[in-house]
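S.K.: You'll find protein_24.txt just under this line, and it carries compact mmCIF, C-alpha atoms.
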```
# COMPACT_ATOMS: atom_id res chain seq x y z
CA MET A 915 133.79 124.52 88.09
CA ARG A 916 134.16 124.97 84.36
CA LEU A 917 133.18 121.89 82.39
CA LYS A 918 136.18 122.36 80.14
CA HIS A 919 138.51 122.04 83.15
CA TYR A 920 136.59 119.08 84.57
CA LYS A 921 137.03 117.26 81.28
CA THR A 922 140.80 117.13 81.93
CA THR A 923 140.20 115.56 85.35
CA PHE A 924 137.66 113.14 83.88
CA LEU A 925 140.12 111.95 81.22
CA GLN A 926 142.92 111.53 83.74
CA GLU A 927 140.81 109.57 86.23
CA LEU A 928 139.73 107.01 83.62
CA SER A 929 143.04 106.76 81.80
CA GLY A 930 144.29 103.18 81.82
CA LEU A 931 140.82 101.69 82.10
CA TYR A 932 139.58 102.88 78.73
CA ASP A 933 141.19 104.34 75.64
CA GLU A 934 141.07 108.10 75.18
CA LEU A 935 138.43 108.10 72.43
CA GLU A 936 136.10 105.98 74.55
CA ILE A 937 136.57 108.26 77.56
CA GLU A 938 135.80 111.28 75.40
CA SER A 939 132.65 109.56 74.14
CA PHE A 940 131.60 108.98 77.77
CA PHE A 941 132.21 112.63 78.60
CA TYR A 942 130.03 113.93 75.78
CA LEU A 943 127.25 111.40 76.45
CA ILE A 944 127.11 112.64 80.04
CA LEU A 945 127.30 116.26 78.90
CA GLU A 946 124.25 115.74 76.72
CA SER A 947 122.37 113.76 79.37
CA PHE A 948 123.08 116.10 82.30
CA HIS A 949 123.29 119.48 80.56
CA GLN A 950 121.52 118.95 77.21
CA LYS A 951 124.67 120.23 75.51
CA LYS A 952 126.73 118.77 72.69
CA ARG A 953 130.45 118.81 71.90
CA ILE A 954 130.05 121.86 69.71
CA ASP A 955 128.32 123.77 72.54
CA LEU A 956 131.28 123.27 74.84
CA ALA A 957 133.70 124.24 72.10
CA LEU A 958 131.78 127.45 71.41
CA HIS A 959 131.22 128.24 75.09
CA PRO A 960 134.32 127.06 77.02
CA GLU A 961 133.22 129.19 79.99
CA MET A 962 130.28 126.81 80.70
CA GLU A 963 130.19 125.95 84.39
CA MET A 964 128.48 123.42 86.64
CA ASP A 965 127.31 123.94 90.19
CA ALA A 966 128.12 121.78 93.23
CA LEU A 967 125.13 119.48 92.76
CA GLN A 968 125.99 118.88 89.12
CA LEU A 969 129.58 118.15 90.09
CA LEU A 970 128.36 115.50 92.54
CA ARG A 971 126.41 113.83 89.74
CA TRP A 972 129.49 113.80 87.51
CA GLU A 973 131.59 112.38 90.34
CA SER A 974 129.03 109.61 90.90
CA VAL A 975 129.21 108.64 87.23
CA LEU A 976 132.99 108.75 87.31
CA GLU A 977 133.10 106.30 90.24
CA ALA A 978 130.70 103.94 88.45
CA LEU A 979 132.84 104.06 85.30
CA LYS A 980 135.91 103.21 87.39
CA LYS A 981 134.08 100.01 88.35
CA GLN A 982 133.49 99.46 84.61
CA LYS A 983 129.74 99.74 84.86
CA PRO A 984 128.40 100.32 81.32
CA ILE A 985 127.70 103.95 80.55
CA GLN A 986 124.28 102.92 79.17
CA TYR A 987 123.26 101.54 82.56
CA ILE A 988 124.65 104.57 84.37
CA LEU A 989 122.61 106.95 82.23
CA GLY A 990 119.68 104.53 81.95
CA ALA A 991 119.40 104.97 78.21
CA THR A 992 120.94 104.21 74.84
CA GLU A 993 120.01 104.36 71.17
CA PHE A 994 119.00 101.51 68.89
CA TYR A 995 118.24 101.80 65.18
CA GLY A 996 117.94 105.57 65.65
CA LEU A 997 115.44 105.20 68.49
CA PRO A 998 115.83 106.05 72.19
CA MET A 999 115.83 103.01 74.47
CA LEU A 1000 115.69 102.80 78.25
CA VAL A 1001 118.05 100.17 79.67
CA ASN A 1002 118.87 98.79 83.08
CA GLU A 1003 120.45 95.71 84.64
CA ASN A 1004 117.33 93.64 83.79
CA VAL A 1005 117.99 93.81 80.04
CA LEU A 1006 120.93 93.47 77.72
CA ILE A 1007 122.35 96.62 76.18
CA PRO A 1008 121.35 96.52 72.48
CA ARG A 1009 124.26 95.78 70.15
CA PRO A 1010 125.07 97.05 66.64
CA GLU A 1011 124.90 93.45 65.42
CA THR A 1012 121.25 93.33 66.46
CA GLU A 1013 120.62 96.49 64.44
CA GLU A 1014 121.92 94.48 61.47
CA LEU A 1015 119.36 91.77 62.27
CA VAL A 1016 116.57 94.36 62.21
CA ALA A 1017 117.86 95.74 58.91
CA LEU A 1018 117.84 92.21 57.44
CA ILE A 1019 114.23 91.71 58.52
CA LEU A 1020 113.10 95.05 57.11
CA ARG A 1021 114.77 94.31 53.77
CA ASN A 1022 112.74 91.13 53.52
CA CYS A 1023 109.35 92.48 54.58
CA ASP A 1024 106.78 94.43 52.59
CA SER A 1025 106.21 97.68 54.46
CA ASN A 1026 102.63 97.79 53.17
CA ALA A 1027 101.70 94.27 54.27
CA GLU A 1028 99.66 93.55 57.39
CA LEU A 1029 102.13 91.07 58.82
CA ALA A 1030 101.92 89.20 62.11
CA ILE A 1031 105.39 89.33 63.69
CA LEU A 1032 106.73 87.69 66.87
CA ASP A 1033 109.94 88.45 68.75
CA ILE A 1034 111.08 85.72 71.16
CA GLY A 1035 113.24 86.78 74.12
CA THR A 1036 112.63 90.49 73.63
CA GLY A 1037 114.63 91.94 76.54
CA SER A 1038 114.49 95.73 76.22
CA GLY A 1039 112.01 95.42 73.35
CA CYS A 1040 114.46 97.01 70.93
CA ILE A 1041 113.80 94.54 68.08
CA PRO A 1042 109.98 94.65 67.98
CA ILE A 1043 109.89 98.40 68.62
CA ALA A 1044 112.29 99.09 65.74
CA ILE A 1045 110.29 96.75 63.51
CA LYS A 1046 106.93 98.29 64.42
CA THR A 1047 108.33 101.79 63.89
CA ASN A 1048 109.27 100.84 60.33
CA LEU A 1049 106.40 98.45 59.56
CA SER A 1050 103.45 100.42 60.89
CA LYS A 1051 100.82 98.04 59.45
CA ALA A 1052 102.31 94.99 61.15
CA THR A 1053 100.88 93.44 64.30
CA VAL A 1054 103.86 92.88 66.57
CA THR A 1055 104.05 90.62 69.63
CA ALA A 1056 107.04 90.08 71.90
CA ILE A 1057 107.64 87.53 74.64
CA ASP A 1058 110.17 87.12 77.42
CA VAL A 1059 110.65 84.96 80.52
CA SER A 1060 111.62 87.98 82.65
CA GLU A 1061 108.80 90.08 84.07
CA LYS A 1062 111.26 92.88 84.87
CA ALA A 1063 112.54 92.90 81.30
CA LEU A 1064 108.98 93.19 80.00
CA VAL A 1065 108.37 96.25 82.20
CA THR A 1066 111.38 97.91 80.54
CA ALA A 1067 110.20 96.82 77.09
CA GLN A 1068 106.73 98.23 77.69
CA ASN A 1069 108.20 101.54 78.83
CA ASN A 1070 110.28 101.64 75.65
CA ALA A 1071 107.19 101.06 73.52
CA ILE A 1072 105.49 103.97 75.30
CA LEU A 1073 108.59 106.12 74.86
CA ASN A 1074 108.63 105.42 71.12
CA LYS A 1075 104.84 105.62 70.73
CA VAL A 1076 104.36 102.21 69.15
CA ASP A 1077 101.86 99.45 69.86
CA VAL A 1078 103.58 96.15 70.70
CA ALA A 1079 101.93 93.36 72.71
CA PHE A 1080 104.27 92.03 75.42
CA VAL A 1081 103.65 88.59 76.93
CA LEU A 1082 105.33 86.82 79.84
CA THR A 1083 106.27 83.36 78.53
CA ASP A 1084 108.93 80.72 79.11
CA ILE A 1085 109.60 79.63 75.56
CA LEU A 1086 111.27 76.38 76.66
CA LYS A 1087 108.02 75.35 78.35
CA THR A 1088 105.83 76.34 75.41
CA ASN A 1089 104.44 73.71 73.04
CA ASP A 1090 102.45 76.02 70.79
CA LEU A 1091 102.46 79.78 70.26
CA GLY A 1092 98.68 79.91 69.92
CA GLN A 1093 98.51 81.64 66.55
CA LYS A 1094 100.17 81.85 63.15
CA PHE A 1095 102.85 84.38 62.31
CA ASP A 1096 104.38 85.67 59.09
CA VAL A 1097 107.70 86.45 60.77
CA ILE A 1098 109.36 85.05 63.88
CA VAL A 1099 112.60 86.61 65.09
CA SER A 1100 114.81 85.78 68.04
CA ASN A 1101 118.09 86.86 69.57
CA PRO A 1102 118.14 84.27 72.37
CA PRO A 1103 120.89 83.54 74.89
CA TYR A 1104 123.80 81.98 73.00
CA VAL A 1105 127.07 82.62 74.84
CA ARG A 1106 128.57 79.42 76.22
CA HIS A 1107 130.14 79.48 79.67
CA LEU A 1108 133.41 78.42 78.04
CA GLU A 1109 133.36 81.76 76.19
CA LYS A 1110 133.19 83.86 79.36
CA SER A 1111 136.87 84.70 79.08
CA GLU A 1112 136.11 86.62 75.86
CA LEU A 1113 133.72 88.99 77.62
CA LYS A 1114 134.80 92.26 79.15
CA LEU A 1115 134.08 93.03 82.79
CA ASN A 1116 131.49 95.62 81.84
CA VAL A 1117 129.45 92.80 80.24
CA LEU A 1118 130.23 89.93 82.58
CA GLY A 1119 129.84 91.94 85.75
CA PHE A 1120 126.70 93.91 84.94
CA GLU A 1121 124.54 92.48 82.13
CA PRO A 1122 121.90 89.83 83.01
CA HIS A 1123 123.35 86.32 82.76
CA LEU A 1124 119.86 84.93 82.12
CA ALA A 1125 119.87 86.72 78.76
CA LEU A 1126 123.48 85.90 77.93
CA PHE A 1127 124.47 82.35 78.77
CA VAL A 1128 123.57 78.81 77.79
CA ALA A 1129 125.01 75.52 78.99
CA ASP A 1130 128.17 74.34 77.24
CA ASP A 1131 126.64 70.91 76.60
CA ASP A 1132 123.47 72.28 74.93
CA PRO A 1133 124.19 75.72 73.49
CA LEU A 1134 121.46 75.54 70.84
CA VAL A 1135 118.61 74.70 73.19
CA PHE A 1136 116.68 77.90 72.38
CA TYR A 1137 117.25 77.64 68.62
CA ARG A 1138 116.08 74.03 68.51
CA LYS A 1139 112.92 74.90 70.43
CA ILE A 1140 112.15 77.94 68.29
CA VAL A 1141 112.64 76.02 65.04
CA GLU A 1142 110.22 73.38 66.39
CA LEU A 1143 107.63 76.04 67.26
CA ALA A 1144 108.12 77.79 63.94
CA THR A 1145 107.13 74.63 62.06
CA LYS A 1146 103.77 74.81 63.86
CA ASN A 1147 103.22 78.53 63.98
CA LEU A 1148 104.66 80.07 60.81
CA ASN A 1149 102.34 80.69 57.90
CA PRO A 1150 103.33 79.19 54.52
CA ASN A 1151 106.24 81.27 53.18
CA GLY A 1152 106.69 82.72 56.66
CA ARG A 1153 110.18 83.77 57.65
CA LEU A 1154 112.38 82.91 60.63
CA PHE A 1155 115.29 85.15 61.62
CA PHE A 1156 117.96 84.45 64.23
CA GLU A 1157 120.93 86.23 65.69
CA ILE A 1158 123.46 83.49 66.45
CA ASN A 1159 126.70 82.58 68.16
CA GLN A 1160 129.44 83.33 65.61
CA TYR A 1161 131.18 80.03 66.42
CA LEU A 1162 128.09 77.88 65.87
CA GLY A 1163 126.88 78.91 62.42
CA ALA A 1164 127.12 75.48 60.80
CA GLU A 1165 125.60 73.73 63.82
CA THR A 1166 122.69 76.17 63.91
CA LEU A 1167 122.05 75.73 60.18
CA ARG A 1168 121.70 71.98 60.68
CA LEU A 1169 118.69 72.53 62.94
CA PHE A 1170 116.67 73.50 59.87
CA GLU A 1171 117.35 70.24 58.00
CA GLY A 1172 114.21 68.19 57.40
CA ASN A 1173 111.95 70.75 59.08
CA GLY A 1174 110.28 72.21 56.01
CA PHE A 1175 112.48 75.28 55.57
CA ASN A 1176 114.06 76.49 52.36
CA THR A 1177 116.21 79.44 51.27
CA ILE A 1178 118.19 79.00 54.47
CA GLU A 1179 120.94 81.61 54.56
CA LEU A 1180 123.81 82.37 56.92
CA HIS A 1181 124.65 86.08 57.06
CA LYS A 1182 127.80 87.77 58.30
CA ASP A 1183 127.90 90.94 60.35
CA ILE A 1184 129.99 94.01 59.52
CA TYR A 1185 132.96 92.41 61.27
CA GLY A 1186 132.84 89.34 59.04
CA ASN A 1187 131.47 87.00 61.73
CA ASP A 1188 128.65 84.52 61.16
CA ARG A 1189 125.88 86.39 62.97
CA MET A 1190 122.42 85.84 61.47
CA ILE A 1191 120.32 83.15 59.85
CA SER A 1192 117.21 83.65 57.76
CA ALA A 1193 114.93 80.92 56.45
CA ILE A 1194 111.56 80.58 54.73
CA TYR A 1195 109.02 77.99 55.86
CA SER A 1196 107.29 76.13 53.07
```
Translate the structure described by the file into structure tokens.

M.R.:
Amino acid sequence: MRLKHYKTTFLQELSGLYDELEIESFFYLILESFHQKKRIDLALHPEMEMDALQLLRWESVLEALKKQKPIQYILGATEFYGLPMLVNENVLIPRPETEELVALILRNCDSNAELAILDIGTGSGCIPIAIKTNLSKATVTAIDVSEKALVTAQNNAILNKVDVAFVLTDILKTNDLGQKFDVIVSNPPYVRHLEKSELKLNVLGFEPHLALFVADDDPLVFYRKIVELATKNLNPNGRLFFEINQYLGAETLRLFEGNGFNTIELHKDIYGNDRMISAIYS
């Protein structure tokens, strides 16, 4: 079957579940993944065909998309900060907002300094890998409570040819990080159960709840613990960076009061939502 003709079927089958632009983006992501071809290749060679086995693979993806499984999980890969990342149901799919967090960190770090950097709740490893790629002299460590997530993170470090130390740790049961750091960063679970209704099925039904949700009655449990640890384990003038729940900016800021931090700033994302906090420990 010609790929050009199958595209029509593909668009029709997913119509109503996704908008047309999103369906087209799915089609070309699969085209590149399965055939190593881009949009321009199909436009220039409309006679391109696929065999029966390739058609079965496309049909399998189509059925998964009908169930609203994220395309990143279907293909097993995505991109973060210009880097390839392997993803699966054990890790969250990296978000553009988290790319903004990485950009904020890089703007505030000397690329020539030999910094000690820690990422707490690393998931796929996207944050420390992007940081290490851009701060080659830094020593980067990442921790997570999920052993399966750390396997994915380690594979991503190998894929991107960077040296990051991954450690299995339950941060809520940790009283000391064991060393001093110049930078601590975290994008911990912050979605309250009361906010579930705001999530699409492709998130709620497939992404790991362990990495997403916190209890409604204590939504800042991870932030409070990390601030406490940072007061013990940040070097003087060390920096703490958080990605946060957009509805809890003011509440998260208050955690820093009386804990030795200064230059505490709340940053908005490209959509105008309160999304990041940076602070310096004195």

S.K.: How far is it from atom CA of A:Met962 to atom CA of A:Lys918, in Å with one decimal?

M.R.: 7.4 Å

S.K.: As a CSV table (one decimal) with C-alpha atoms, in the coordinates of the input, please: the residues near A:Met915 (cut-off 9 Å, all atoms listed in the file, same-chain neighbours under 4 positions excluded).

M.R.:
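Below is the file selection_21.csv, written as the result:
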```
chain,number,residue,atom,x,y,z
A,919,HIS,CA,138.5,122.0,83.2
A,920,TYR,CA,136.6,119.1,84.6
A,962,MET,CA,130.3,126.8,80.7
A,963,GLU,CA,130.2,126.0,84.4
A,964,MET,CA,128.5,123.4,86.6
A,965,ASP,CA,127.3,123.9,90.2
A,966,ALA,CA,128.1,121.8,93.2
A,969,LEU,CA,129.6,118.2,90.1
```

S.K.: Taking only C-alpha atoms into account, name the residue in A:Gly1172, A:Ile1194, A:Asn1074, A:Arg1106 that is nearest to A:Met999.

M.R.: A:Asn1074

S.K.: Return as AutoDock Vina command-line options the box centre and box size in Å, one decimal, for an axis-aligned box around all listed atoms of stretch 1066-1082 of chain A padded by 4 Å per side.

M.R.:
```
--center_x 106.6 --center_y 96.5 --center_z 74.8 --size_x 17.5 --size_y 27.3 --size_z 19.4
```

S.K.: Using only C-alpha atoms for the distances, tell me which of A:Leu1180, A:Cys1040, A:Leu956, A:Ala1030 is nearest to A:Thr1053.

M.R.: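 The shortest atom-to-atom distance to A:Thr1053 comes from A:Ala1030.
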